[in-house]
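A short write-up of the structure that comes next.
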Amino acid sequence: MEGPKKRWSDAIIRPVKRTLFGDETYAGAAKGPECVDVVPLAQALRDVCSLRWEDWTDYAFAREPLNGRLNDELRAELMEGARACGDTWARFCEERFGSADPHDIARGLGVSIFLDEKPHSQDRVVFAEFVEPDRIYVYADALDKAQTLLDDPEVREALGPVSPQSILLAHEVFHAVELVGKERVWSRSHKVDVGFGLLHSRVHLAVLDELAAMGFAQALLGLTYSPYVMDVFLTYCYSPVAGSSLYHEVMGEQPLFGADEGKMEGPTG
Ligand SMILES: [Zn+2]
């Protein structure tokens with residue numbers, strides 16, 4: 001099973017890396033960056049901030065390797081389960097540590113926070129990561145870029161008063177909660193039957209950790225929008241083209257990179 005330290009980046013990096021770093025195979029693809037309709041950031045943020053929790057289902061599950069084995073009914077059930085899990089643990093932590101500040105909860109869990117300039121891993125864009133057993137890295141590179149864009153009053157208004165850093169941090173704190181809480185945390189213990197015919201196996205889905213971490217951050221910080229908005233915002237900070245690609249995918253307007261990407265295609269519904 002994949003460790004939690006890659007989870008946030010896994011949500012965006014595979015398709016986006018190509019746009020950011022000009023992957024050579026991508027350059028010749030049918031839907032190259034030049035085909036992406038770049039959307040003004042404030043408008044993009046207003047749109048994605050207005051989405052409901054369940055509107056992120058296709059986006060979230062498109063990054064789950066076993067998505068092809070799941071049906072819509074199950075996906076809807078898992079979305080709700082993850083939201084409830086994140087919400088429950090946000091309330092628990094707030095009460096247990098007497099604070100809804102992710103810094104305080106990290107401290108209470110014995111987790112150290114490091115603000116680093118650049119990610120350790122150079123082959124992918126990472127905004128923040130939890131490194132087992134007790135370290136969270138938040139990367140200043142993305143946050144510095146975000147700060148510049150937040151100078152635009154329209155952008156600031158769309159995102160509200162909570163800082164991107166707090167959102168990233170709250171998400172990673174949940175992965176620490178999962179590590180400490182183990183099987184008591186639904187996102188970690190819940191198994192899904194992905195079998196067919198006579199062959200059945202119950203497996204853990206990585207997307208549940210991500211979804212519950214988003215639910216945790218949203219509940220803890222009282223956000224009116226999904227923390228998945230940070231995928232669009234912070235990616236836009238690096239590249240308006242890449243950010244707009246994600247925006248279009250999230251809004252269901254087009255597949256991200258065409259049929260050759262298989263399961264990475266955007267929502268079809
Ligand atoms: Zn994560």
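Letters A, B, ... go to the chains of the structure tokens in the order shown; residues in each chain start at 1; ligands are counted from 1 in the same order.
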
Quiz item: If we count only C-alpha atoms, what is near A:Leu168 at a cut-off of 9 Å, once residues fewer than 3 positions away on the same chain are taken out, given as JSON, numbers by chain?
Solution: {"A": [8, 127, 128, 129, 138, 163, 164, 165, 171, 172, 173, 217, 227, 230]}

Those same residues - N, CA and C atoms - I'd like them written as a tab-separated table (two decimals), in the first residue's frame.
```tsv
chain	number	residue	atom	x	y	z
A	8	TRP	N	-1.34	14.05	-1.28
A	8	TRP	CA	-1.86	15.30	-1.85
A	8	TRP	C	-1.37	15.47	-3.27
A	127	PHE	N	2.73	20.45	-2.84
A	127	PHE	CA	2.42	21.65	-2.05
A	127	PHE	C	2.72	21.42	-0.57
A	128	ALA	N	2.45	20.20	-0.13
A	128	ALA	CA	2.67	19.85	1.28
A	128	ALA	C	2.68	18.33	1.35
A	129	GLU	N	3.33	17.80	2.37
A	129	GLU	CA	3.28	16.34	2.53
A	129	GLU	C	3.51	15.94	3.98
A	138	VAL	N	5.48	21.85	4.52
A	138	VAL	CA	4.68	22.75	3.69
A	138	VAL	C	5.69	23.54	2.87
A	163	SER	N	-6.20	30.94	5.21
A	163	SER	CA	-5.02	30.95	4.34
A	163	SER	C	-4.81	29.59	3.68
A	164	PRO	N	-4.26	29.60	2.46
A	164	PRO	CA	-3.92	28.34	1.81
A	164	PRO	C	-3.01	27.47	2.69
A	165	GLN	N	-2.11	28.10	3.42
A	165	GLN	CA	-1.21	27.33	4.28
A	165	GLN	C	-1.98	26.53	5.33
A	171	HIS	N	-5.08	19.46	6.02
A	171	HIS	CA	-5.16	18.22	5.23
A	171	HIS	C	-4.09	17.23	5.68
A	172	GLU	N	-2.87	17.71	5.82
A	172	GLU	CA	-1.77	16.81	6.21
A	172	GLU	C	-1.91	16.34	7.66
A	173	VAL	N	-2.45	17.20	8.51
A	173	VAL	CA	-2.67	16.80	9.91
A	173	VAL	C	-3.59	15.59	9.96
A	217	ALA	N	-10.23	18.94	6.76
A	217	ALA	CA	-9.79	20.33	6.61
A	217	ALA	C	-10.98	21.27	6.48
A	227	PRO	N	-11.65	21.84	0.10
A	227	PRO	CA	-10.21	22.12	0.01
A	227	PRO	C	-9.60	21.68	-1.33
A	230	MET	N	-7.89	24.11	-3.64
A	230	MET	CA	-6.45	24.41	-3.62
A	230	MET	C	-5.71	23.76	-4.78
```

Self-check item: A:Leu51 environment, 9 Å, only C-alpha atoms, sequence neighbours closer than 6 positions dropped, as a PyMOL selection string
Solution: chain A and resi 225-226+251

To test your reading of the structure, identify every residue in stretch 89-200 of chain A that backbone DSSP assigns to strand (DSSP E), and report it as an mmCIF file with N, CA and C atoms, in the first residue's frame.
```cif
data_model
loop_
_atom_site.group_PDB
_atom_site.id
_atom_site.type_symbol
_atom_site.label_atom_id
_atom_site.label_comp_id
_atom_site.auth_asym_id
_atom_site.auth_seq_id
_atom_site.Cartn_x
_atom_site.Cartn_y
_atom_site.Cartn_z
ATOM 1 N N SER A 112 5.826 17.670 13.950
ATOM 2 C CA SER A 112 6.551 18.916 13.672
ATOM 3 C C SER A 112 6.236 19.406 12.266
ATOM 4 N N ILE A 113 6.173 20.716 12.143
ATOM 5 C CA ILE A 113 5.870 21.322 10.836
ATOM 6 C C ILE A 113 7.114 22.036 10.323
ATOM 7 N N PHE A 114 7.445 21.765 9.101
ATOM 8 C CA PHE A 114 8.611 22.398 8.486
ATOM 9 C C PHE A 114 8.154 23.183 7.262
ATOM 10 N N LEU A 115 8.569 24.433 7.214
ATOM 11 C CA LEU A 115 8.281 25.237 6.029
ATOM 12 C C LEU A 115 9.547 25.206 5.185
ATOM 13 N N ASP A 116 9.498 24.439 4.127
ATOM 14 C CA ASP A 116 10.668 24.269 3.273
ATOM 15 C C ASP A 116 10.501 25.043 1.978
ATOM 16 N N ALA A 128 2.451 20.200 -0.130
ATOM 17 C CA ALA A 128 2.666 19.846 1.277
ATOM 18 C C ALA A 128 2.685 18.330 1.349
ATOM 19 N N GLU A 129 3.330 17.796 2.369
ATOM 20 C CA GLU A 129 3.278 16.339 2.533
ATOM 21 C C GLU A 129 3.512 15.938 3.980
ATOM 22 N N PHE A 130 2.895 14.825 4.322
ATOM 23 C CA PHE A 130 3.107 14.226 5.628
ATOM 24 C C PHE A 130 4.111 13.101 5.458
ATOM 25 N N VAL A 131 5.169 13.156 6.232
ATOM 26 C CA VAL A 131 6.178 12.108 6.182
ATOM 27 C C VAL A 131 6.118 11.354 7.506
ATOM 28 N N ARG A 135 6.261 14.161 10.691
ATOM 29 C CA ARG A 135 6.704 15.421 10.089
ATOM 30 C C ARG A 135 5.757 15.859 8.970
ATOM 31 N N ILE A 136 5.445 17.141 8.981
ATOM 32 C CA ILE A 136 4.677 17.719 7.878
ATOM 33 C C ILE A 136 5.540 18.791 7.228
ATOM 34 N N TYR A 137 5.650 18.696 5.922
ATOM 35 C CA TYR A 137 6.369 19.724 5.173
ATOM 36 C C TYR A 137 5.362 20.540 4.380
ATOM 37 N N VAL A 138 5.479 21.846 4.518
ATOM 38 C CA VAL A 138 4.678 22.748 3.692
ATOM 39 C C VAL A 138 5.686 23.543 2.875
ATOM 40 N N TYR A 139 5.435 23.634 1.583
ATOM 41 C CA TYR A 139 6.453 24.222 0.719
ATOM 42 C C TYR A 139 6.159 25.683 0.374
ATOM 43 N N VAL A 192 -13.412 -1.992 0.542
ATOM 44 C CA VAL A 192 -14.443 -2.032 -0.492
ATOM 45 C C VAL A 192 -14.276 -3.295 -1.316
ATOM 46 N N ASP A 193 -15.380 -3.939 -1.640
ATOM 47 C CA ASP A 193 -15.344 -5.146 -2.464
ATOM 48 C C ASP A 193 -15.171 -4.726 -3.930
#
```

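Nearest residue to ligand 1 among A:Val180, A:Val229, A:Leu143, A:Val207 is A:Val207, counting only C-alpha atoms and all ligand atoms.
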
Quiz item: Neighbours of A:Tyr236 within 10 Å (only C-alpha atoms; same-chain residues fewer than 4 positions away dropped), as an MDAnalysis selection string?
Solution: chainID A and resid 38:41 44 142 145:146 149 230:232 240:247

Exercise. For each of A:Ala62, A:Ile167, A:Ala158, A:Met214, take the minimum atom-to-atom distance to ligand 1, counting only C-alpha atoms and all ligand atoms, then give the residue where this is smallest.
Key: A:Met214

Exercise. Might you pull out every residue within 9 Å of stretch 67-74 of chain A, with only C-alpha atoms counted and same-chain residues fewer than 2 positions away left off, and present them as a VMD selection string?
Key: chain A and resid 61 to 65 76 to 79 193 to 196 263

Residues as selected, N, CA and C atoms, written as a CSV table (one decimal), in the first residue's frame, can you do that?
```csv
chain,number,residue,atom,x,y,z
A,61,PHE,N,-12.4,10.7,-7.7
A,61,PHE,CA,-12.3,9.3,-8.1
A,61,PHE,C,-11.5,9.0,-9.4
A,62,ALA,N,-11.3,10.0,-10.2
A,62,ALA,CA,-10.5,9.9,-11.4
A,62,ALA,C,-9.1,9.6,-11.0
A,63,ARG,N,-8.7,9.9,-9.8
A,63,ARG,CA,-7.3,9.7,-9.3
A,63,ARG,C,-7.2,8.4,-8.5
A,64,GLU,N,-8.3,7.6,-8.4
A,64,GLU,CA,-8.3,6.3,-7.7
A,64,GLU,C,-8.0,5.2,-8.7
A,65,PRO,N,-6.9,4.5,-8.5
A,65,PRO,CA,-6.6,3.4,-9.5
A,65,PRO,C,-7.7,2.4,-9.7
A,76,ALA,N,-20.9,7.4,-4.5
A,76,ALA,CA,-21.7,8.4,-3.7
A,76,ALA,C,-21.7,8.0,-2.2
A,77,GLU,N,-21.8,6.7,-1.9
A,77,GLU,CA,-21.7,6.3,-0.5
A,77,GLU,C,-20.4,6.6,0.1
A,78,LEU,N,-19.3,6.4,-0.7
A,78,LEU,CA,-18.0,6.6,-0.2
A,78,LEU,C,-17.7,8.1,0.1
A,79,MET,N,-18.2,8.9,-0.8
A,79,MET,CA,-18.1,10.4,-0.7
A,79,MET,C,-18.7,10.8,0.7
A,193,ASP,N,-15.4,-3.9,-1.6
A,193,ASP,CA,-15.3,-5.1,-2.5
A,193,ASP,C,-15.2,-4.7,-3.9
A,194,VAL,N,-14.0,-5.0,-4.5
A,194,VAL,CA,-13.8,-4.7,-5.9
A,194,VAL,C,-13.8,-5.9,-6.8
A,195,GLY,N,-14.3,-7.0,-6.3
A,195,GLY,CA,-14.3,-8.2,-7.1
A,195,GLY,C,-15.4,-8.3,-8.1
A,196,PHE,N,-15.3,-9.3,-9.0
A,196,PHE,CA,-16.3,-9.5,-9.9
A,196,PHE,C,-16.4,-11.0,-10.1
A,263,LYS,N,-7.8,6.2,-17.7
A,263,LYS,CA,-8.6,6.6,-16.5
A,263,LYS,C,-8.4,8.0,-16.1
```

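When only C-alpha atoms and all ligand atoms are used to measure the gap to ligand 1, the shortest distance among A:Ser50, A:Ser187, A:Gln43, A:Ser99 belongs to A:Ser187.
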
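Counting only C-alpha atoms and comparing A:Leu169, A:Leu234, A:Cys49, A:Ala82, the residue that lies closest to A:Asp209 is A:Ala82.
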
Exercise. Using DSSP on the backbone coordinates, identify the residues of stretch 108-239 of chain A assigned to helix (DSSP H, G or I); present them as a ChimeraX atom specification.
Key: /A:108,140-150,153-159,164-184,186-189,206-221,229-238

With a distance cut-off of 7 Å and only C-alpha atoms, select the neighbouring residues of A:Pro102, excluding the residue or stretch itself and same-chain residues fewer than 2 positions from it, and output the selection as a PDB file with C-alpha atoms, in the first residue's frame.
```
ATOM      1  CA  ALA A 100      -9.339  24.292  15.601  1.00  0.00           C
ATOM      2  CA  ASP A 104      -2.136  23.328  17.639  1.00  0.00           C
ATOM      3  CA  ILE A 105      -3.489  19.928  16.618  1.00  0.00           C
ATOM      4  CA  ALA A 106      -0.179  19.023  14.974  1.00  0.00           C
ATOM      5  CA  SER A 166      -3.789  26.447   6.931  1.00  0.00           C
ATOM      6  CA  LEU A 169      -1.657  21.942   6.880  1.00  0.00           C
ATOM      7  CA  ALA A 170      -5.081  20.766   8.054  1.00  0.00           C
ATOM      8  CA  VAL A 173      -2.674  16.803   9.908  1.00  0.00           C
TER       9      VAL A 173
END
```

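Distances from A:Leu198, A:Val162, A:Leu109, A:Ala206 to ligand 1 were compared using only C-alpha atoms and all ligand atoms, and the smallest one belongs to A:Ala206.
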
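Nearest-residue note for ligand 1: choosing from A:His175, A:Leu205, A:Cys93, A:Gly110, the minimum distance belongs to A:His175, counting only C-alpha atoms and all ligand atoms.
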